[in-house]
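Shown below: data-v1.cif, with mmCIF, C-alpha atoms.
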data_final
loop_
_atom_site.label_atom_id
_atom_site.label_comp_id
_atom_site.auth_asym_id
_atom_site.auth_seq_id
_atom_site.Cartn_x
_atom_site.Cartn_y
_atom_site.Cartn_z
CA THR A 296 0.79 -17.91 9.28
CA GLN A 297 -2.63 -17.70 7.69
CA GLU A 298 -2.53 -18.88 4.09
CA PHE A 299 -4.42 -16.29 2.10
CA GLU A 300 -6.88 -17.10 -0.68
CA GLN A 301 -5.25 -17.43 -4.10
CA ASP A 302 -6.42 -15.18 -6.93
CA ASN A 303 -5.03 -13.80 -10.18
CA PHE A 304 -2.06 -12.29 -8.37
CA LEU A 305 -0.74 -15.79 -7.69
CA LYS A 306 -2.05 -17.94 -10.56
CA TYR A 307 0.37 -16.95 -13.28
CA GLN A 308 3.92 -18.15 -13.62
CA LYS A 309 5.04 -14.63 -14.41
CA PHE A 310 2.81 -11.82 -13.16
CA PHE A 311 2.92 -8.11 -13.95
CA ARG A 312 0.37 -5.40 -13.24
CA GLU A 313 0.62 -1.63 -13.35
CA TYR A 314 -1.54 1.06 -11.73
CA LYS A 315 -1.34 4.80 -12.41
CA PHE A 316 -3.16 7.58 -10.56
CA LYS A 317 -3.22 11.36 -10.88
CA ILE A 318 -4.01 13.63 -7.94
CA TYR A 319 -6.01 16.85 -8.29
CA ARG A 320 -6.96 19.75 -6.03
CA THR A 321 -9.76 21.97 -7.41
CA LYS A 322 -9.11 20.52 -10.88
CA LYS A 323 -5.37 21.33 -10.76
CA GLU A 324 -2.98 18.38 -10.93
CA VAL A 325 -0.86 18.30 -7.75
CA GLY A 326 0.70 14.83 -7.81
CA PHE A 327 0.75 11.27 -9.06
CA ILE A 328 1.16 7.69 -7.83
CA ASN A 329 2.45 4.88 -10.06
CA VAL A 330 2.61 1.27 -8.82
CA LYS A 331 4.10 -1.69 -10.70
CA ILE A 332 3.79 -5.20 -9.23
CA SER A 333 5.61 -8.21 -10.66
CA SER A 334 6.46 -11.74 -9.56
CA TYR A 335 9.69 -13.69 -9.40
CA THR A 336 10.70 -17.16 -8.19
CA ASN A 337 12.99 -17.58 -5.22
CA SER A 338 15.11 -20.40 -6.67
CA GLU A 339 17.48 -20.43 -3.69
CA SER A 340 14.92 -21.98 -1.38
CA GLU A 341 14.47 -25.74 -1.12
CA ILE A 342 10.88 -25.31 -2.29
CA CYS A 343 10.62 -22.71 -5.02
CA LYS A 344 8.27 -20.00 -3.85
CA LYS A 345 6.90 -17.08 -5.77
CA ASN A 346 7.76 -13.69 -4.32
CA PHE A 347 6.62 -10.27 -5.49
CA VAL A 348 8.30 -6.94 -6.00
CA ALA A 349 6.53 -3.58 -6.09
CA GLU A 350 7.97 -0.43 -7.62
CA ILE A 351 6.26 2.74 -6.36
CA GLU A 352 6.87 6.23 -7.71
CA SER A 353 4.99 9.18 -6.25
CA TYR A 354 4.77 12.90 -5.73
CA THR A 355 2.09 14.59 -3.60
CA ASP A 356 1.66 18.10 -2.25
CA ILE A 357 0.51 16.77 1.13
CA PRO A 358 0.96 13.43 2.97
CA ILE A 359 -1.55 10.80 1.81
CA LEU A 360 -1.63 7.32 3.32
CA PHE A 361 1.85 5.88 2.69
CA PHE A 362 3.14 8.89 0.77
CA ILE A 363 5.21 11.80 2.11
CA GLY A 364 4.07 15.31 1.20
CA GLU A 365 6.04 17.79 -0.94
CA THR A 366 8.59 15.16 -1.94
CA TYR A 367 9.33 12.88 -4.88
CA ASN A 368 9.58 9.27 -3.70
CA TYR A 369 10.84 6.12 -5.39
CA GLU A 370 10.42 2.82 -3.53
CA ILE A 371 11.24 -0.82 -4.17
CA GLU A 372 9.46 -3.30 -1.89
CA ASN A 373 9.68 -7.09 -1.79
CA TYR A 374 7.00 -9.27 -0.25
CA ASN A 375 6.21 -12.98 -0.24
CA ASP A 376 3.26 -14.89 -1.69
CA ASN A 377 1.30 -14.30 1.53
CA PHE A 378 1.77 -10.56 0.98
CA VAL A 379 4.03 -10.16 4.02
CA PRO A 380 6.57 -7.37 3.35
CA LEU A 381 10.16 -8.63 3.44
CA ASN A 382 12.15 -5.45 2.85
CA SER A 383 11.92 -2.07 1.19
CA LYS A 384 14.00 0.95 0.26
CA ILE A 385 12.63 4.46 -0.33
CA VAL A 386 14.63 7.28 -1.89
CA THR A 387 13.02 10.61 -0.96
CA LYS A 388 13.97 13.80 -2.78
CA GLU A 389 13.13 17.20 -1.38
CA LYS A 390 14.06 20.53 -2.98
CA ARG A 391 17.66 20.60 -1.76
CA ARG A 392 18.39 17.18 -0.32
CA GLU A 393 17.81 13.45 -0.62
CA TYR A 394 17.47 10.78 2.05
CA ILE A 395 16.87 7.03 2.26
CA THR A 396 14.49 4.99 4.40
CA THR A 397 14.82 1.19 4.57
CA MET A 398 12.73 -1.51 6.22
CA GLN A 399 13.69 -5.10 6.98
CA THR A 400 11.35 -7.71 8.46
CA GLU A 401 12.11 -11.04 10.12
CA LYS A 402 9.80 -13.73 11.45
CA PHE A 403 10.55 -14.51 15.09
CA PHE A 404 7.51 -16.37 16.47
CA GLU A 405 4.65 -18.13 14.64
CA ASP A 406 2.86 -15.19 12.97
CA LYS A 407 4.95 -12.46 14.62
CA TYR A 408 7.42 -10.38 12.61
CA LYS A 409 10.10 -7.97 13.73
CA CYS A 410 10.27 -4.81 11.65
CA VAL A 411 13.41 -2.64 11.66
CA PHE A 412 13.40 0.84 10.09
CA ARG A 413 16.49 2.86 9.23
CA LYS A 414 16.04 6.48 8.15
CA GLU A 415 19.11 8.36 6.91
CA ASN A 416 18.07 11.99 6.97
CA LYS A 417 20.06 14.74 8.72
CA LYS A 418 20.70 12.08 11.35
CA ILE A 419 20.42 8.30 11.22
CA LYS A 420 17.30 7.06 13.00
CA ILE A 421 16.73 3.36 13.72
CA LYS A 422 13.44 2.10 15.09
CA GLU A 423 12.16 -1.42 15.75
CA THR A 424 8.56 -2.59 16.06
CA SER A 425 6.59 -5.78 15.41
CA PHE A 426 3.44 -6.86 13.60
CA SER A 427 1.27 -9.83 12.73
CA PRO A 428 0.02 -10.23 9.15
CA PRO A 429 -1.97 -9.10 7.33
CA ILE A 430 -0.14 -5.75 7.26
CA ILE A 431 -0.66 -3.19 4.49
CA THR A 432 2.05 -1.24 2.69
CA ALA A 433 2.08 0.85 -0.47
CA GLY A 434 3.33 -2.18 -2.41
CA ASN A 435 0.84 -4.82 -1.30
CA ALA A 436 -2.26 -2.69 -0.53
CA ILE A 437 -4.23 -3.30 -3.72
CA PRO A 438 -3.85 -7.11 -3.95
CA LEU A 439 -4.09 -7.62 -0.18
CA VAL A 440 -7.32 -5.70 0.38
CA THR A 441 -8.86 -7.15 -2.79
CA ILE A 442 -8.23 -10.73 -1.65
CA LEU A 443 -8.91 -10.49 2.08
CA TRP A 444 -12.05 -8.37 2.12
CA ASN A 445 -15.34 -9.56 0.64
CA PHE A 446 -17.13 -6.28 1.41
CA GLU A 447 -20.51 -7.46 0.11
CA GLN A 448 -20.59 -9.97 2.98
CA GLU A 449 -18.52 -8.11 5.58
CA LYS A 450 -19.45 -4.42 5.64
CA ASN A 451 -16.62 -3.29 7.94
CA LYS A 452 -12.95 -4.29 7.93
CA LYS A 453 -9.98 -3.21 10.01
CA PHE A 454 -6.39 -3.40 8.76
CA TYR A 455 -3.03 -2.25 10.04
CA PHE A 456 -0.58 -0.43 7.80
CA ILE A 457 3.09 0.56 7.95
CA ASP A 458 3.73 4.29 8.02
CA LYS A 459 7.28 4.52 6.66
CA ASP A 460 7.46 8.26 7.24
CA ARG A 461 6.66 8.16 10.96
CA LEU A 462 8.23 4.68 11.25
CA GLU A 463 5.25 3.14 13.02
CA ILE A 464 2.28 0.86 12.55
CA LYS A 465 -1.19 2.39 12.42
CA GLU A 466 -4.80 1.24 12.04
CA MET A 467 -7.11 1.95 9.11
CA LYS A 468 -10.81 1.15 8.85
CA PHE A 469 -12.86 0.38 5.74
CA GLU A 470 -16.65 0.56 5.46
CA TYR A 471 -18.68 -0.61 2.47
CA LEU A 472 -21.34 1.96 1.59
CA GLY A 473 -23.10 0.11 -1.24
CA GLU A 474 -23.33 0.70 -4.99
CA THR A 475 -23.74 3.98 -6.83
CA LYS A 476 -26.12 4.68 -9.71
CA ASP A 477 -23.15 4.17 -12.02
CA GLU A 478 -22.73 0.62 -10.61
CA LEU A 479 -19.52 1.41 -8.76
CA TYR A 480 -18.74 0.03 -5.31
CA LYS A 481 -18.45 2.84 -2.74
CA ILE A 482 -15.95 2.38 0.12
CA LYS A 483 -15.17 4.71 3.04
CA LEU A 484 -11.61 4.67 4.38
CA LEU A 485 -10.86 6.14 7.83
CA LEU A 486 -7.27 6.91 8.83
CA PRO A 487 -5.88 7.58 12.34
CA TYR A 488 -5.24 11.27 11.65
CA PHE A 489 -7.57 14.18 12.34
CA GLY A 490 -10.20 14.44 9.61
CA ALA A 491 -8.41 11.92 7.39
CA ARG A 492 -10.99 10.04 5.39
CA PHE A 493 -11.45 9.05 1.77
CA ILE A 494 -14.34 7.77 -0.30
CA ILE A 495 -13.08 5.21 -2.84
CA TYR A 496 -15.00 4.03 -5.91
CA LEU A 497 -14.28 0.60 -7.44
CA ASP A 498 -15.54 -0.99 -10.65
CA LYS A 499 -16.99 -4.50 -10.83
CA ASN A 500 -13.47 -5.98 -11.04
CA LYS A 501 -12.53 -4.09 -7.84
CA ASN A 502 -10.20 -1.76 -9.70
CA ILE A 503 -9.94 1.73 -8.19
CA LYS A 504 -11.61 4.25 -10.52
CA TYR A 505 -11.24 7.32 -8.32
CA ALA A 506 -11.17 8.51 -4.72
CA GLU A 507 -11.84 11.79 -2.92
CA GLY A 508 -10.88 13.18 0.47
CA LEU A 509 -8.81 15.87 2.20
CA GLY A 510 -9.86 18.24 -0.59
CA LEU A 511 -8.22 15.98 -3.19
CA GLN A 512 -9.44 13.82 -6.08
CA ILE A 513 -7.39 10.77 -7.08
CA CYS A 514 -8.21 9.39 -10.53
CA ALA A 515 -7.03 6.20 -12.21
CA VAL A 516 -5.27 6.69 -15.52
CA GLU A 517 -6.64 4.32 -18.14
#

Let me see the file written as structure tokens.
Amino acid sequence: TQEFEQDNFLKYQKFFREYKFKIYRTKKEVGFINVKISSYTNSESEICKKNFVAEIESYTDIPILFFIGETYNYEIENYNDNFVPLNSKIVTKEKRREYITTMQTEKFFEDKYKCVFRKENKKIKIKETSFSPPIITAGNAIPLVTILWNFEQEKNKKFYFIDKDRLEIKEMKFEYLGETKDELYKIKLLLPYFGARFIIYLDKNKNIKYAEGLGLQICAVE
């Protein structure tokens, strides 16, 4: 497995970072996304390794990236220090019902991982697929893209991401569009759905300031 470049996500003995975003449509708030990422040590292994856990809470009126539309979602995801997802559990609440989606991964050959989904909705649905890292999820997206993509040198980058609603792996494409007059980095994100694209603006520390697409504006909460 490729050993990814170390940065602030891995330097500290105990790491914690929190991101909060509000979602607007024509200036009306229609959702939010909160992400907390923290580290812990896997003391059961022969060599102590640092793993990470992400806690994701969201509500959106329509599906966006990893997030299911018109539902409240609470997810816990564990991934290792190479940002490979290990397992996750999503509790999804609709108006009159609640269901659970889980994911479990297992390495089976060199850099190949088996990924098993279980969705307990009106019926139980189990689906198996495979992937090679890097693979993006809601929990590892911010640190993974920040570390692996030096967009000032490489203008275009392709990633794969896990769609835990459709239970499948999809492709996303990033394109660096340069700097704005406000000295923000401008990134275009293309998704494998009709007309699904976002323009994302980052500050000099590569923190997301805001994004726009699909008639929505997503703003970071300071």

What is the CA of Leu443 in chain A to CA of Lys317 in chain A distance in Å?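 Straight-line distance from CA of Leu443 in chain A to CA of Lys317 in chain A works out to 26.0 Å.
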
Leaving out Glu466 in chain A and any residue of its chain fewer than 2 positions from it, which residues lie within 12 Å of it when counting all atoms listed in the file, given as a list of chain:residue names?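 These residues fall inside the cut-off: A:Leu360, A:Phe426, A:Pro429, A:Ile430, A:Ile431, A:Thr432, A:Lys452, A:Lys453, A:Phe454, A:Tyr455, A:Phe456, A:Ile457, A:Asp458, A:Glu463, A:Ile464, A:Lys468, A:Phe469, A:Leu484, A:Leu485, A:Leu486, A:Pro487, A:Tyr488.
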
Under the rule that all atoms listed in the file are counted, which of A:Asn377, A:Lys465, A:Pro438, A:Trp444 is the nearest residue to Asn502 in chain A?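 The shortest atom-to-atom distance to Asn502 in chain A comes from A:Pro438.
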
Range 408-500 of chain A residues near range 390-393 of chain A within 10 Å, closest pair each, using all atoms listed in the file, as JSON lines:
{"residue": "A:Glu415", "atom": "CA", "partner": "A:Glu393", "partner_atom": "CA", "distance": 9.2}
{"residue": "A:Asn416", "atom": "CA", "partner": "A:Glu393", "partner_atom": "CA", "distance": 7.7}
{"residue": "A:Lys417", "atom": "CA", "partner": "A:Arg392", "partner_atom": "CA", "distance": 9.5}

The PyMOL selection byres ((chain A and resi 472) around 10) on the file shown: which residues, as a ChimeraX atom specification? /A:446-447,450-451,469-471,473-475,480-483,494-495

Exactly which residues make up the result of the PyMOL selection byres ((chain A and resi 370) around 6) on this file, given as a list in words? Glu350, Ile351, Tyr369, Ile371, Lys384 and Ile385 of chain A

Can you work out the spacing between CA of Cys410 in chain A and CA of Ala436 in chain A in Å, to one decimal? 17.6 Å

With 7 Å as the threshold, what does the neighbourhood of (-12.7, 13.7, 4.6) contain in terms of residues, counting only C-alpha atoms? Coordinates are those of the file; answer as a list in words.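 It turns out the residues near that spot are Gly490, Ala491, Arg492, Phe493, Gly508 and Leu509 of chain A.
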
Min atom-atom distance to Lys388 in chain A from the set A:Glu365, A:Arg461, A:Lys499, A:Tyr319, counting only C-alpha atoms, belongs to A:Glu365

Go through the shown structure with the PyMOL selection byres ((chain A and resi 347) around 8) and write out the matching residues as number ranges by chain. A: 332-335, 345-346, 348-349, 373-376

In Å, rounded to a single decimal, give me how far CA of Val330 in chain A is from CA of Asn500 in chain A. 17.8 Å

Selection: 10 Å around Lys323 in chain A, all atoms listed in the file, excl. self and same-chain fewer than 5 positions, as a PyMOL selection string: chain A and resi 318+511-512

Counting only C-alpha atoms, which of A:Ala506, A:Ile421, A:Cys514, A:Val386 gets nearest to Leu462 in chain A?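 For Leu462 in chain A, the nearest of the candidates is A:Ile421.
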
Once 5 Å is added on each side, what centre and edge lengths in Å to one decimal does the axis-aligned box around all listed atoms of range 391-396 of chain A have, as lines of an AutoDock Vina configuration file?
center_x = 16.4
center_y = 12.8
center_z = 1.3
size_x = 13.9
size_y = 25.6
size_z = 16.2

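With all atoms listed in the file as the atoms that count, the residue of A:Ile419, A:Tyr314, A:Thr424, A:Thr387 with the shortest distance to Asp460 in chain A is A:Thr387.
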
Take the point (-1.9, 14.5, -8.5) as written in the file and pick out every residue within 12 Å of it, counting only C-alpha atoms; give the list as a PDB file with C-alpha atoms, in the frame of the given file.
ATOM      1  CA  LYS A 315      -1.340   4.800 -12.410  1.00  0.00           C
ATOM      2  CA  PHE A 316      -3.160   7.580 -10.560  1.00  0.00           C
ATOM      3  CA  LYS A 317      -3.220  11.360 -10.880  1.00  0.00           C
ATOM      4  CA  ILE A 318      -4.010  13.630  -7.940  1.00  0.00           C
ATOM      5  CA  TYR A 319      -6.010  16.850  -8.290  1.00  0.00           C
ATOM      6  CA  ARG A 320      -6.960  19.750  -6.030  1.00  0.00           C
ATOM      7  CA  THR A 321      -9.760  21.970  -7.410  1.00  0.00           C
ATOM      8  CA  LYS A 322      -9.110  20.520 -10.880  1.00  0.00           C
ATOM      9  CA  LYS A 323      -5.370  21.330 -10.760  1.00  0.00           C
ATOM     10  CA  GLU A 324      -2.980  18.380 -10.930  1.00  0.00           C
ATOM     11  CA  VAL A 325      -0.860  18.300  -7.750  1.00  0.00           C
ATOM     12  CA  GLY A 326       0.700  14.830  -7.810  1.00  0.00           C
ATOM     13  CA  PHE A 327       0.750  11.270  -9.060  1.00  0.00           C
ATOM     14  CA  ILE A 328       1.160   7.690  -7.830  1.00  0.00           C
ATOM     15  CA  ASN A 329       2.450   4.880 -10.060  1.00  0.00           C
ATOM     16  CA  SER A 353       4.990   9.180  -6.250  1.00  0.00           C
ATOM     17  CA  TYR A 354       4.770  12.900  -5.730  1.00  0.00           C
ATOM     18  CA  THR A 355       2.090  14.590  -3.600  1.00  0.00           C
ATOM     19  CA  ASP A 356       1.660  18.100  -2.250  1.00  0.00           C
ATOM     20  CA  ILE A 357       0.510  16.770   1.130  1.00  0.00           C
ATOM     21  CA  PRO A 358       0.960  13.430   2.970  1.00  0.00           C
ATOM     22  CA  ILE A 359      -1.550  10.800   1.810  1.00  0.00           C
ATOM     23  CA  PHE A 362       3.140   8.890   0.770  1.00  0.00           C
ATOM     24  CA  GLY A 364       4.070  15.310   1.200  1.00  0.00           C
ATOM     25  CA  GLU A 365       6.040  17.790  -0.940  1.00  0.00           C
ATOM     26  CA  TYR A 367       9.330  12.880  -4.880  1.00  0.00           C
ATOM     27  CA  TYR A 505     -11.240   7.320  -8.320  1.00  0.00           C
ATOM     28  CA  ALA A 506     -11.170   8.510  -4.720  1.00  0.00           C
ATOM     29  CA  GLU A 507     -11.840  11.790  -2.920  1.00  0.00           C
ATOM     30  CA  GLY A 510      -9.860  18.240  -0.590  1.00  0.00           C
ATOM     31  CA  LEU A 511      -8.220  15.980  -3.190  1.00  0.00           C
ATOM     32  CA  GLN A 512      -9.440  13.820  -6.080  1.00  0.00           C
ATOM     33  CA  ILE A 513      -7.390  10.770  -7.080  1.00  0.00           C
ATOM     34  CA  CYS A 514      -8.210   9.390 -10.530  1.00  0.00           C
ATOM     35  CA  ALA A 515      -7.030   6.200 -12.210  1.00  0.00           C
ATOM     36  CA  VAL A 516      -5.270   6.690 -15.520  1.00  0.00           C
TER      37      VAL A 516
END

Of the candidates A:Lys331, A:Ser427, A:Lys402, A:Tyr408, which shows the shortest atom-to-atom distance to Glu313 in chain A, using only C-alpha atoms? A:Lys331

Which is closest to Ala433 in chain A among A:Lys459, A:Phe310, A:Thr396, A:Asp406, if we use all atoms listed in the file? A:Lys459

Serialized range 369-388 of chain A w/ N, CA, C and O atoms as a CSV table (one decimal), in the first residue's frame:
chain,number,residue,atom,x,y,z
A,369,TYR,N,-26.4,10.6,10.8
A,369,TYR,CA,-25.3,10.6,11.8
A,369,TYR,C,-24.4,9.4,11.5
A,369,TYR,O,-24.9,8.3,11.5
A,370,GLU,N,-23.1,9.7,11.3
A,370,GLU,CA,-22.2,8.6,10.9
A,370,GLU,C,-21.0,8.6,11.7
A,370,GLU,O,-20.4,9.7,12.1
A,371,ILE,N,-20.5,7.4,12.1
A,371,ILE,CA,-19.2,7.2,12.7
A,371,ILE,C,-18.4,6.4,11.7
A,371,ILE,O,-18.8,5.3,11.3
A,372,GLU,N,-17.2,6.9,11.4
A,372,GLU,CA,-16.3,6.1,10.4
A,372,GLU,C,-14.9,6.0,11.0
A,372,GLU,O,-14.4,7.0,11.5
A,373,ASN,N,-14.4,4.9,10.9
A,373,ASN,CA,-13.0,4.6,11.4
A,373,ASN,C,-12.1,4.4,10.1
A,373,ASN,O,-12.5,3.7,9.2
A,374,TYR,N,-10.9,5.0,10.1
A,374,TYR,CA,-10.0,4.8,9.1
A,374,TYR,C,-8.6,4.8,9.6
A,374,TYR,O,-8.3,5.3,10.7
A,375,ASN,N,-7.6,4.2,8.9
A,375,ASN,CA,-6.3,4.0,9.4
A,375,ASN,C,-5.4,5.2,9.1
A,375,ASN,O,-5.9,6.2,8.5
A,376,ASP,N,-4.1,5.2,9.4
A,376,ASP,CA,-3.2,6.3,9.2
A,376,ASP,C,-2.9,6.5,7.8
A,376,ASP,O,-2.2,7.5,7.4
A,377,ASN,N,-3.3,5.6,6.9
A,377,ASN,CA,-3.1,5.8,5.4
A,377,ASN,C,-4.5,6.3,4.8
A,377,ASN,O,-4.6,6.3,3.6
A,378,PHE,N,-5.4,6.6,5.7
A,378,PHE,CA,-6.7,7.1,5.3
A,378,PHE,C,-7.6,6.1,4.5
A,378,PHE,O,-8.4,6.5,3.8
A,379,VAL,N,-7.3,4.8,4.8
A,379,VAL,CA,-8.1,3.8,4.2
A,379,VAL,C,-9.3,3.6,5.2
A,379,VAL,O,-9.1,3.3,6.4
A,380,PRO,N,-10.6,3.6,4.7
A,380,PRO,CA,-11.7,3.4,5.6
A,380,PRO,C,-11.7,2.0,6.1
A,380,PRO,O,-11.5,1.0,5.3
A,381,LEU,N,-12.0,1.8,7.4
A,381,LEU,CA,-12.0,0.4,8.0
A,381,LEU,C,-13.5,0.0,8.2
A,381,LEU,O,-13.8,-1.2,7.8
A,382,ASN,N,-14.3,0.9,8.7
A,382,ASN,CA,-15.7,0.5,8.9
A,382,ASN,C,-16.5,1.8,9.1
A,382,ASN,O,-15.9,2.8,9.5
A,383,SER,N,-17.8,1.7,9.0
A,383,SER,CA,-18.6,2.9,9.3
A,383,SER,C,-20.0,2.4,9.6
A,383,SER,O,-20.4,1.3,9.2
A,384,LYS,N,-20.8,3.3,10.2
A,384,LYS,CA,-22.2,3.1,10.5
A,384,LYS,C,-22.9,4.4,10.4
A,384,LYS,O,-22.5,5.4,11.0
A,385,ILE,N,-24.0,4.4,9.6
A,385,ILE,CA,-24.8,5.6,9.4
A,385,ILE,C,-26.2,5.3,9.9
A,385,ILE,O,-26.8,4.3,9.5
A,386,VAL,N,-26.7,6.2,10.7
A,386,VAL,CA,-28.1,6.2,11.1
A,386,VAL,C,-28.8,7.3,10.3
A,386,VAL,O,-28.4,8.5,10.4
A,387,THR,N,-29.8,6.9,9.5
A,387,THR,CA,-30.5,7.8,8.7
A,387,THR,C,-32.0,8.0,9.2
A,387,THR,O,-32.6,7.0,9.3
A,388,LYS,N,-32.4,9.2,9.4
A,388,LYS,CA,-33.7,9.4,9.9
A,388,LYS,C,-34.5,10.2,8.9
A,388,LYS,O,-34.1,11.3,8.5
